[in-house]
>>> print(open('structure10.txt').read())   # compact mmCIF, C-alpha atoms
# COMPACT_ATOMS: atom_id res chain seq x y z
CA MET G 1 155.29 -3.83 -12.89
CA THR G 2 156.63 -0.78 -11.11
CA MET G 3 158.53 0.33 -14.21
CA THR G 4 155.45 -0.15 -16.38
CA GLY G 5 153.31 1.89 -13.99
CA SER G 6 155.93 4.60 -13.87
CA VAL G 7 156.27 4.76 -17.63
CA THR G 8 152.50 4.89 -18.01
CA ARG G 9 152.28 7.71 -15.54
CA GLU G 10 155.02 9.70 -17.26
CA GLN G 11 153.51 9.07 -20.68
CA SER G 12 150.01 10.04 -19.50
CA PHE G 13 151.31 13.24 -18.01
CA SER G 14 153.23 14.04 -21.18
CA ASP G 15 150.06 13.54 -23.23
CA ARG G 16 148.09 15.82 -20.94
CA VAL G 17 150.70 18.55 -21.28
CA THR G 18 150.51 18.27 -25.07
CA GLU G 19 146.73 18.54 -25.03
CA ASN G 20 146.54 21.49 -22.64
CA GLN G 21 149.75 23.50 -22.92
CA ARG G 22 148.50 26.08 -25.43
CA ARG G 23 145.32 26.88 -23.52
CA VAL G 24 147.05 26.93 -20.14
CA PHE G 25 149.65 29.31 -21.52
CA GLN G 26 146.92 31.51 -22.99
CA ILE G 27 145.02 31.67 -19.72
CA ALA G 28 148.15 32.87 -17.93
CA TYR G 29 149.02 35.17 -20.79
CA SER G 30 145.55 36.72 -20.85
CA VAL G 31 146.02 37.74 -17.22
CA LEU G 32 149.70 38.70 -17.27
CA GLY G 33 150.23 39.99 -20.83
CA ASN G 34 153.80 38.71 -20.74
CA ALA G 35 154.93 35.58 -22.55
CA ALA G 36 157.84 34.77 -20.26
CA ASP G 37 155.73 35.10 -17.10
CA ALA G 38 152.89 33.19 -18.75
CA GLU G 39 155.23 30.29 -19.59
CA GLU G 40 156.54 30.25 -16.05
CA ILE G 41 153.03 30.15 -14.62
CA ALA G 42 151.96 27.48 -17.10
CA GLN G 43 154.93 25.34 -16.10
CA GLU G 44 154.16 25.79 -12.40
CA ALA G 45 150.54 24.83 -13.04
CA PHE G 46 151.60 21.64 -14.83
CA LEU G 47 154.08 20.75 -12.10
CA SER G 48 151.37 21.23 -9.52
CA ALA G 49 149.12 18.96 -11.58
CA TYR G 50 151.91 16.39 -11.73
CA GLN G 51 152.14 16.33 -7.95
CA ASN G 52 148.42 15.56 -7.83
CA PHE G 53 148.37 13.36 -10.90
CA ALA G 54 146.97 10.36 -9.04
CA GLN G 55 143.68 12.23 -8.69
CA LEU G 56 143.82 13.78 -12.15
CA ARG G 57 144.13 10.73 -14.38
CA ASP G 58 140.86 11.55 -16.06
CA ALA G 59 141.49 13.91 -19.00
CA GLU G 60 138.52 16.15 -18.28
CA LYS G 61 139.43 16.46 -14.60
CA PHE G 62 143.00 17.31 -15.55
CA ARG G 63 141.85 19.94 -18.04
CA ALA G 64 139.47 21.65 -15.59
CA TRP G 65 141.99 21.51 -12.76
CA VAL G 66 144.94 22.86 -14.70
CA ASN G 67 142.79 25.65 -16.19
CA ARG G 68 141.74 26.76 -12.76
CA ILE G 69 145.16 26.55 -11.16
CA SER G 70 146.88 28.44 -13.97
CA PHE G 71 144.34 31.25 -13.73
CA ARG G 72 144.71 31.48 -9.94
CA MET G 73 148.50 31.43 -10.15
CA ALA G 74 148.48 34.09 -12.85
CA LEU G 75 146.19 36.30 -10.75
CA ASN G 76 148.51 35.92 -7.76
CA ARG G 77 151.52 36.78 -9.90
CA GLN G 78 149.70 39.79 -11.33
CA ARG G 79 148.80 41.07 -7.86
CA GLY G 80 152.38 40.60 -6.70
CA THR G 81 153.68 42.43 -9.76
CA ARG G 82 151.28 45.29 -9.20
CA ARG G 83 152.35 45.63 -5.59
CA ARG G 84 156.03 45.64 -6.53
CA MET G 85 155.44 48.17 -9.28
CA SER G 86 153.47 50.52 -7.08
CA ARG G 87 156.14 50.28 -4.37
CA ASP G 88 159.40 50.33 -6.27
CA THR G 89 158.96 51.34 -9.86
CA ALA G 90 155.72 53.15 -10.15
CA TRP G 91 157.19 55.31 -12.90
CA GLN G 92 157.67 52.34 -15.17
CA THR G 93 154.92 50.96 -17.34
CA LEU G 94 154.54 47.30 -18.10
CA GLN G 95 155.35 46.76 -21.74
CA PRO G 96 152.94 44.21 -23.09
CA GLU G 97 154.44 41.59 -25.33
CA VAL G 98 152.60 40.74 -28.45
CA THR G 99 152.93 37.37 -30.00
CA GLY G 100 151.66 35.70 -33.13
CA GLY G 101 150.09 37.87 -35.80
CA ALA G 102 150.26 41.19 -33.94
CA GLY G 103 153.63 42.09 -35.35
CA SER G 104 152.86 45.39 -37.09
CA ALA G 105 153.08 48.73 -35.34
CA ASN G 106 149.32 49.33 -35.74
CA ALA G 107 148.52 45.94 -34.32
CA ARG G 108 150.83 46.53 -31.40
CA LEU G 109 149.16 49.85 -30.72
CA LEU G 110 145.71 48.32 -30.96
CA VAL G 111 146.61 45.51 -28.58
CA GLU G 112 148.17 47.92 -26.12
CA GLN G 113 145.07 50.09 -26.17
CA MET G 114 142.92 47.04 -25.64
CA ARG G 115 145.01 45.96 -22.67
CA GLN G 116 144.68 49.37 -21.06
CA GLN G 117 140.93 49.37 -21.57
CA MET G 118 140.65 45.86 -20.21
CA ALA G 119 142.67 46.86 -17.17
CA ALA G 120 140.16 49.64 -16.51
CA LEU G 121 137.23 47.22 -16.42
CA PRO G 122 135.69 46.12 -13.11
CA GLU G 123 137.52 43.00 -11.92
CA LYS G 124 134.55 40.65 -12.25
CA LEU G 125 133.98 41.68 -15.86
CA ARG G 126 137.69 41.65 -16.70
CA GLN G 127 138.20 38.12 -15.40
CA VAL G 128 135.32 36.77 -17.48
CA LEU G 129 136.57 38.62 -20.57
CA GLN G 130 140.16 37.44 -20.10
CA LEU G 131 139.12 33.81 -19.89
CA SER G 132 136.52 34.05 -22.65
CA ILE G 133 138.98 35.28 -25.25
CA VAL G 134 141.17 32.23 -24.72
CA GLU G 135 140.73 29.68 -27.48
CA GLU G 136 138.44 26.74 -26.81
CA MET G 137 137.12 28.30 -23.64
CA GLU G 138 133.35 27.99 -23.57
CA ALA G 139 131.16 29.83 -21.08
CA ALA G 140 130.84 26.62 -19.07
CA ASP G 141 134.65 26.32 -18.79
CA VAL G 142 134.94 29.93 -17.69
CA GLY G 143 132.16 29.42 -15.17
CA ALA G 144 133.91 26.34 -13.80
CA ILE G 145 137.14 28.27 -13.28
CA LEU G 146 135.48 31.24 -11.62
CA GLY G 147 132.82 29.25 -9.79
CA ILE G 148 129.87 31.11 -11.31
CA PRO G 149 126.89 29.97 -13.42
CA THR G 150 127.14 29.94 -17.20
CA GLY G 151 124.38 32.55 -17.50
CA THR G 152 126.37 34.91 -15.29
CA VAL G 153 129.44 34.37 -17.48
CA ARG G 154 127.44 35.37 -20.58
CA SER G 155 125.89 38.46 -19.01
CA ARG G 156 129.26 39.63 -17.64
CA LEU G 157 130.94 39.01 -20.96
CA HIS G 158 128.30 41.06 -22.74
CA ALA G 159 128.65 43.88 -20.23
CA ALA G 160 132.45 43.85 -20.59
CA ARG G 161 132.31 43.97 -24.38
CA LYS G 162 129.80 46.78 -24.24
CA LEU G 163 132.04 48.85 -21.97
CA LEU G 164 135.04 48.19 -24.20
CA LEU G 165 133.15 49.16 -27.32
CA GLU G 166 131.97 52.34 -25.66
CA ALA G 167 135.54 53.18 -24.63
CA MET G 168 137.05 52.51 -28.07
CA GLN G 169 137.73 55.44 -30.35
CA MET L 1 121.70 64.96 -32.95
CA THR L 2 118.33 65.26 -31.25
CA ASN L 3 117.43 64.22 -27.71
CA ASP L 4 115.76 61.20 -29.24
CA CYS L 5 119.10 60.21 -30.79
CA LYS L 6 120.96 60.63 -27.45
CA ASP L 7 118.44 58.32 -25.79
CA ARG L 8 119.19 55.67 -28.39
CA LYS L 9 122.92 55.46 -27.65
CA ASP L 10 122.54 52.27 -25.63
CA SER L 11 120.34 50.69 -28.30
CA LEU L 12 122.99 51.48 -30.94
CA LEU L 13 125.68 49.81 -28.81
CA GLU L 14 123.49 46.74 -28.38
CA ALA L 15 122.78 46.63 -32.09
CA ALA L 16 126.49 46.87 -32.93
CA LEU L 17 127.38 44.13 -30.45
CA THR L 18 124.60 41.66 -31.17
CA GLY L 19 123.96 42.44 -34.85
CA GLU L 20 120.25 42.65 -34.09
CA THR L 21 118.26 45.87 -34.41
CA GLU L 22 115.02 46.27 -32.49
CA SER L 23 111.99 47.54 -34.39
CA SER L 24 111.80 50.98 -32.78
CA LEU L 25 115.46 51.59 -33.60
CA GLN L 26 114.91 50.41 -37.15
CA GLN L 27 112.14 52.98 -37.56
CA HIS L 28 114.40 55.68 -36.13
CA LEU L 29 117.34 54.72 -38.37
CA ALA L 30 115.11 54.94 -41.41
CA SER L 31 114.71 58.64 -40.78
CA CYS L 32 118.03 59.54 -39.05
CA GLU L 33 121.18 59.64 -41.12
CA GLU L 34 123.33 60.62 -38.12
CA CYS L 35 122.34 57.50 -36.15
CA ARG L 36 122.88 55.28 -39.19
CA GLN L 37 126.42 56.64 -39.41
CA GLU L 38 126.92 56.17 -35.68
CA LEU L 39 125.79 52.55 -35.94
CA GLU L 40 128.15 51.95 -38.84
CA THR L 41 131.04 53.48 -36.87
CA LEU L 42 130.23 51.25 -33.89
CA ARG L 43 130.19 48.16 -36.11
CA VAL L 44 133.66 48.99 -37.43
CA ARG L 45 134.91 49.56 -33.87
CA ARG L 46 133.38 46.27 -32.82
CA ALA L 47 135.32 44.47 -35.56
CA ARG L 48 138.55 46.15 -34.41
CA MET L 49 137.76 45.26 -30.81
CA ASP L 50 137.22 41.58 -31.66
CA ALA L 51 140.49 41.53 -33.62
CA ALA L 52 142.33 43.14 -30.73
CA LEU L 53 140.85 40.68 -28.25
CA LEU L 54 141.97 37.79 -30.43
CA MET L 55 145.49 39.20 -30.57
CA VAL L 56 145.60 39.71 -26.83
CA ALA L 57 145.26 35.97 -26.27
CA GLN L 58 147.08 34.87 -29.40
CA GLY L 59 150.15 32.70 -29.49
CA GLY L 60 151.44 29.79 -27.53
CA PRO L 61 154.44 28.81 -25.48
CA GLN L 62 157.92 28.24 -26.92
CA PRO L 63 158.43 25.01 -28.93
CA ASP L 64 160.56 23.48 -26.16
CA PHE L 65 157.94 24.20 -23.49
CA HIS L 66 156.61 20.64 -23.44
CA ALA L 67 160.06 19.12 -23.02
CA ARG L 68 160.91 21.54 -20.21
CA VAL L 69 157.70 20.80 -18.33
CA VAL L 70 158.11 17.02 -18.56
CA GLN L 71 161.76 17.25 -17.55
CA ALA L 72 160.93 19.50 -14.60
CA ALA L 73 158.13 17.15 -13.53
CA GLU L 74 160.46 14.14 -13.59
CA ALA L 75 163.07 16.07 -11.64
CA ALA L 76 160.47 17.15 -9.10
CA GLY L 77 159.24 13.56 -8.76
CA GLN L 78 162.74 12.26 -8.20
CA LYS L 79 163.60 15.04 -5.77
CA LYS L 80 160.51 14.40 -3.72
CA PHE L 81 161.58 10.81 -3.03
CA ALA L 82 165.30 11.22 -3.51
CA VAL L 83 166.94 8.80 -1.07
CA THR L 84 170.06 7.21 -2.42
CA GLY L 85 171.59 3.83 -1.68
CA TRP L 86 169.78 0.92 -0.09
CA PHE L 87 167.03 3.07 1.37
CA ARG L 88 165.78 4.44 -1.93
CA MET L 89 162.01 4.13 -1.87
CA PRO L 90 160.62 2.22 -4.84
CA ARG L 91 158.36 4.19 -7.17
CA LEU L 92 155.49 1.84 -6.34
CA ILE L 93 155.47 3.33 -2.86
CA THR L 94 155.27 6.87 -4.20
CA ASN L 95 151.72 6.21 -5.25
CA GLN L 96 149.44 7.62 -2.54
CA ARG L 97 147.19 4.59 -2.57
CA TRP L 98 150.12 2.31 -1.91
CA MET L 99 151.41 4.66 0.74
CA PHE L 100 148.10 4.40 2.56
CA ALA L 101 148.07 0.60 2.30
CA ALA L 102 151.66 0.38 3.57
CA SER L 103 150.81 2.63 6.54
CA ALA L 104 147.76 0.53 7.42
CA LEU L 105 149.82 -2.67 7.24
CA ALA L 106 152.53 -1.21 9.47
CA LEU L 107 149.91 -0.13 12.01
CA ALA L 108 148.30 -3.58 12.02
CA LEU L 109 151.67 -5.27 12.55
CA ALA L 110 152.46 -2.90 15.40
CA ILE L 111 149.16 -3.73 17.12
CA VAL L 112 149.70 -7.49 16.72
CA ALA L 113 153.24 -7.22 18.05
CA GLY L 114 152.00 -5.23 21.05
CA VAL L 115 149.30 -7.78 21.89
CA VAL L 116 151.70 -10.72 21.64
CA ASN L 117 154.20 -8.93 23.84
CA LEU L 118 151.62 -8.19 26.53
CA ARG L 119 150.33 -11.77 26.80
CA PRO L 120 151.42 -13.56 30.08
CA SER L 121 154.14 -16.18 29.64
CA HIS L 122 153.43 -19.81 30.66
CA LYS L 123 157.04 -20.48 31.68
CA LEU L 124 157.61 -19.99 35.44
CA LEU L 125 161.01 -18.97 36.68
CA PRO L 126 162.43 -20.35 40.02
CA ALA L 127 162.19 -16.89 41.53
CA ASP L 128 158.47 -16.79 40.66
CA ILE L 129 157.89 -20.23 42.31
CA ALA L 130 159.77 -19.19 45.48
CA GLY L 131 157.75 -15.99 45.73
CA ALA L 132 154.47 -17.84 45.26
CA THR L 133 155.40 -20.39 47.93
CA GLN L 134 156.30 -17.68 50.37
CA LEU L 135 153.02 -15.97 49.71
CA ALA L 136 151.06 -19.21 50.21
CA ASN L 137 152.74 -19.90 53.56
CA TRP L 138 152.32 -16.45 54.93
CA GLN L 139 150.04 -16.11 57.96
CA SER L 140 148.73 -12.99 59.44
CA PRO L 141 149.40 -12.05 63.13
CA THR L 142 145.71 -12.64 63.89
CA ALA L 143 146.03 -16.29 62.89
CA ALA L 144 148.95 -16.69 65.35
CA LEU L 145 146.91 -15.18 68.19
CA MET L 146 144.13 -17.62 67.50
CA GLU L 147 146.58 -20.47 68.25
CA THR L 148 146.15 -20.00 72.02
CA PRO L 149 144.63 -22.27 74.68
CA GLY L 150 140.95 -21.85 75.04
CA LYS L 151 140.56 -20.44 71.53
CA GLU L 152 137.50 -22.64 71.04
CA LEU L 153 135.76 -20.61 73.76
CA LEU L 154 136.10 -17.52 71.56
CA SER L 155 135.12 -19.21 68.34
CA GLY L 156 131.53 -18.02 68.28
CA SER L 157 129.34 -15.11 69.22
CA PRO L 158 127.16 -15.61 72.32
CA GLN L 159 123.40 -15.60 72.07
CA MET L 160 121.23 -13.33 74.16
CA GLY L 161 121.77 -14.17 77.87
CA GLU L 162 124.80 -16.37 77.19
CA SER L 163 128.28 -15.79 78.38
CA PHE L 164 131.33 -15.57 76.22
CA MET L 165 132.66 -18.41 78.35
CA ARG L 166 130.43 -21.09 76.94
CA MET L 167 131.38 -24.28 78.72
CA ASP L 168 129.66 -27.56 78.12
CA LEU L 169 129.82 -29.05 81.62
CA ASN L 170 127.85 -32.11 82.70
CA ILE L 171 126.58 -33.04 86.14
CA VAL L 172 129.50 -35.32 86.94
CA ASP L 173 131.92 -32.54 86.28
CA LEU L 174 129.92 -30.21 88.52
CA LYS L 175 129.95 -32.71 91.42
CA ILE L 176 133.71 -33.19 91.07
CA MET L 177 134.11 -29.43 91.17
CA ASP L 178 131.91 -29.19 94.33
CA LEU L 179 133.96 -31.88 96.10
CA LYS L 180 137.15 -30.12 95.27
CA ILE L 181 135.77 -26.86 96.64
CA GLU L 182 134.64 -28.56 99.91
CA GLU L 183 138.04 -30.17 100.33
CA GLY L 184 139.57 -26.83 99.90
CA HIS L 185 137.43 -25.30 102.67
CA LYS L 186 138.36 -28.08 104.99
>>> encode(input="structure10.txt", output="structure tokens")
Amino acid sequence: MTMTGSVTREQSFSDRVTENQRRVFQIAYSVLGNAADAEEIAQEAFLSAYQNFAQLRDAEKFRAWVNRISFRMALNRQRGTRRRMSRDTAWQTLQPEVTGGAGSANARLLVEQMRQQMAALPEKLRQVLQLSIVEEMEAADVGAILGIPTGTVRSRLHAARKLLLEAMQ
Amino acid sequence: MTNDCKDRKDSLLEAALTGETESSLQQHLASCEECRQELETLRVRRARMDAALLMVAQGGPQPDFHARVVQAAEAAGQKKFAVTGWFRMPRLITNQRWMFAASALALALAIVAGVVNLRPSHKLLPADIAGATQLANWQSPTAALMETPGKELLSGSPQMGESFMRMDLNIVDLKIMDLKIEEGHK
């Protein structure tokens, strides 16, 4: 019985990772802009979920929890990175990695510009924008992660996009 | 660009973002080539912005990410309860619910054991019997003093006007005492 329970637990966790890994990675990536760091954060988020798996058996609970924890962990990592950069290597600039279809030089330039403009946004607007651009993330999901109403998510997203559009040349 | 056009900058941004043009702006665009061009430029920028935002969050983890996460989770689970040999804790106990139940059972057993241990034993030892006998035979010093002649005279409290020396003497006794006194005088 113990073996069966253990196997079921391992299999359930494996299934949850399969279902959520892409989004969890994207949430971390949208904050950090670095694939290696994003993978590390995503892995930490899943391990943390594994430790609390007894309470996260339900798929929807697992999804909401792991979304939130990956975003929080990514924010903490980002703040730590910023502090280190400002202290030790302020002269260096973080080179954003571009994955997927952004392989051309123009695309890289466009993405880099977008990252800079996003970084200049007020934090509340930037957080909503970062989460909203992640695939499958509805306003309700973003609101659940940030602890704000769905209407507030929509209004902040609109304000962020408006500022970005104004800043684009 | 007129002042009227400058005032419509925000409306142009809204129109480019939402794709909806309010009626007053529509009337203005009908007569203003410059604002029509500005709106078209903003629409192109908006398309570039959306593409850039998509690329920012594009991609996924490495193909071996899933395997690494599951492996790390198993390792973490084993490390958490890693006790080798006979004392290795079964996985059943790693479940928090079972941990709670096991703790409650241990506490209940401890309470029962404590109660049983505190109950008085019915078996008397010889030392206990000797001590009890000694205690039963013990008499206070006051009891010894009471074993004196005439103690019955002190056994009660006198009433008003009575003497402590309450003596029940009859007439015959008094006459005998008188005779003895007279003989003594003689």
>>> residues_around(input="structure10.txt", residues="stretch 149-165 of chain G", least_positions_apart="4", cutoff="7 Å", atoms="all atoms listed in the file", output="PyMOL selection string")
(chain G and resi 117+125-126+128-129+139-140+143) or (chain L and resi 13+45-46+49)
>>> atom_distance(input="structure10.txt", atom1="atom CA of G:Met114", atom2="atom CA of G:Ser132")
14.8 Å
>>> closest_atom_pairs(input="structure10.txt", of="chain L", to="chain G", cutoff="10 Å", atoms="all atoms listed in the file", output="tab-separated table")
residue	atom	partner	partner_atom	distance
L:Lys9	CA	G:Glu166	CA	9.8
L:Asp10	CA	G:Lys162	CA	9.2
L:Leu13	CA	G:Lys162	CA	6.9
L:Glu14	CA	G:Lys162	CA	7.5
L:Ala16	CA	G:Leu165	CA	9.0
L:Leu17	CA	G:Lys162	CA	7.2
L:Thr18	CA	G:His158	CA	9.2
L:Thr41	CA	G:Gln169	CA	9.5
L:Leu42	CA	G:Leu165	CA	7.5
L:Arg43	CA	G:Leu165	CA	9.3
L:Arg45	CA	G:Leu165	CA	6.8
L:Arg46	CA	G:Leu165	CA	6.2
L:Ala47	CA	G:Leu165	CA	9.7
L:Arg48	CA	G:Leu110	CA	8.2
L:Met49	CA	G:Leu165	CA	7.0
L:Asp50	CA	G:Arg161	CA	9.1
L:Ala51	CA	G:Val111	CA	8.9
L:Ala52	CA	G:Val111	CA	5.3
L:Leu53	CA	G:Ile133	CA	6.5
L:Leu54	CA	G:Ile133	CA	6.5
L:Met55	CA	G:Ala102	CA	6.2
L:Val56	CA	G:Val111	CA	6.1
L:Ala57	CA	G:Ser30	CA	5.5
L:Gln58	CA	G:Gly100	CA	6.0
L:Gly59	CA	G:Gly100	CA	5.0
L:Gly60	CA	G:Arg22	CA	5.2
L:Pro61	CA	G:Glu39	CA	6.1
L:Gln62	CA	G:Glu39	CA	8.1
L:Phe65	CA	G:Glu39	CA	7.7
L:His66	CA	G:Val17	CA	6.6
L:Ala67	CA	G:Ser14	CA	8.7
L:Arg68	CA	G:Gln43	CA	8.2
L:Val69	CA	G:Gln43	CA	5.8
L:Val70	CA	G:Ser14	CA	6.3
L:Gln71	CA	G:Ser14	CA	9.8
L:Ala72	CA	G:Leu47	CA	7.4
L:Ala73	CA	G:Leu47	CA	5.6
L:Glu74	CA	G:Glu10	CA	7.9
L:Ala76	CA	G:Leu47	CA	7.9
L:Gly77	CA	G:Gln51	CA	7.7
L:Lys80	CA	G:Gln51	CA	9.6
L:Pro90	CA	G:Thr2	CA	8.0
L:Arg91	CA	G:Thr2	CA	6.6
L:Leu92	CA	G:Thr2	CA	5.6
L:Ile93	CA	G:Thr2	CA	9.3
L:Thr94	CA	G:Ser6	CA	10.0
L:Asn95	CA	G:Ala54	CA	7.4
L:Gln96	CA	G:Ala54	CA	7.5
L:Arg97	CA	G:Ala54	CA	8.7
>>> atom_distance(input="structure10.txt", atom1="atom CA of L:Leu29", atom2="atom CA of L:Asp4")
11.3 Å
>>> residues_near_point(input="structure10.txt", point="(137.7, 25.5, -20.2)", cutoff="8 Å", atoms="all atoms listed in the file", output="VMD selection string")
chain G and resid 63 to 64 67 136 to 142 144 to 145
>>> atom_distance(input="structure10.txt", atom1="atom CA of L:Thr133", atom2="atom CA of L:Val115")
29.6 Å
>>> closest_residue(input="structure10.txt", among="G:Trp65, G:Ile41, G:Phe71, G:Gly80", to="G:Arg16", atoms="only C-alpha atoms")
G:Trp65
>>> closest_residue(input="structure10.txt", among="G:Arg57, G:Phe62, G:Asn34, G:Leu75", to="G:Glu19", atoms="all atoms listed in the file")
G:Phe62
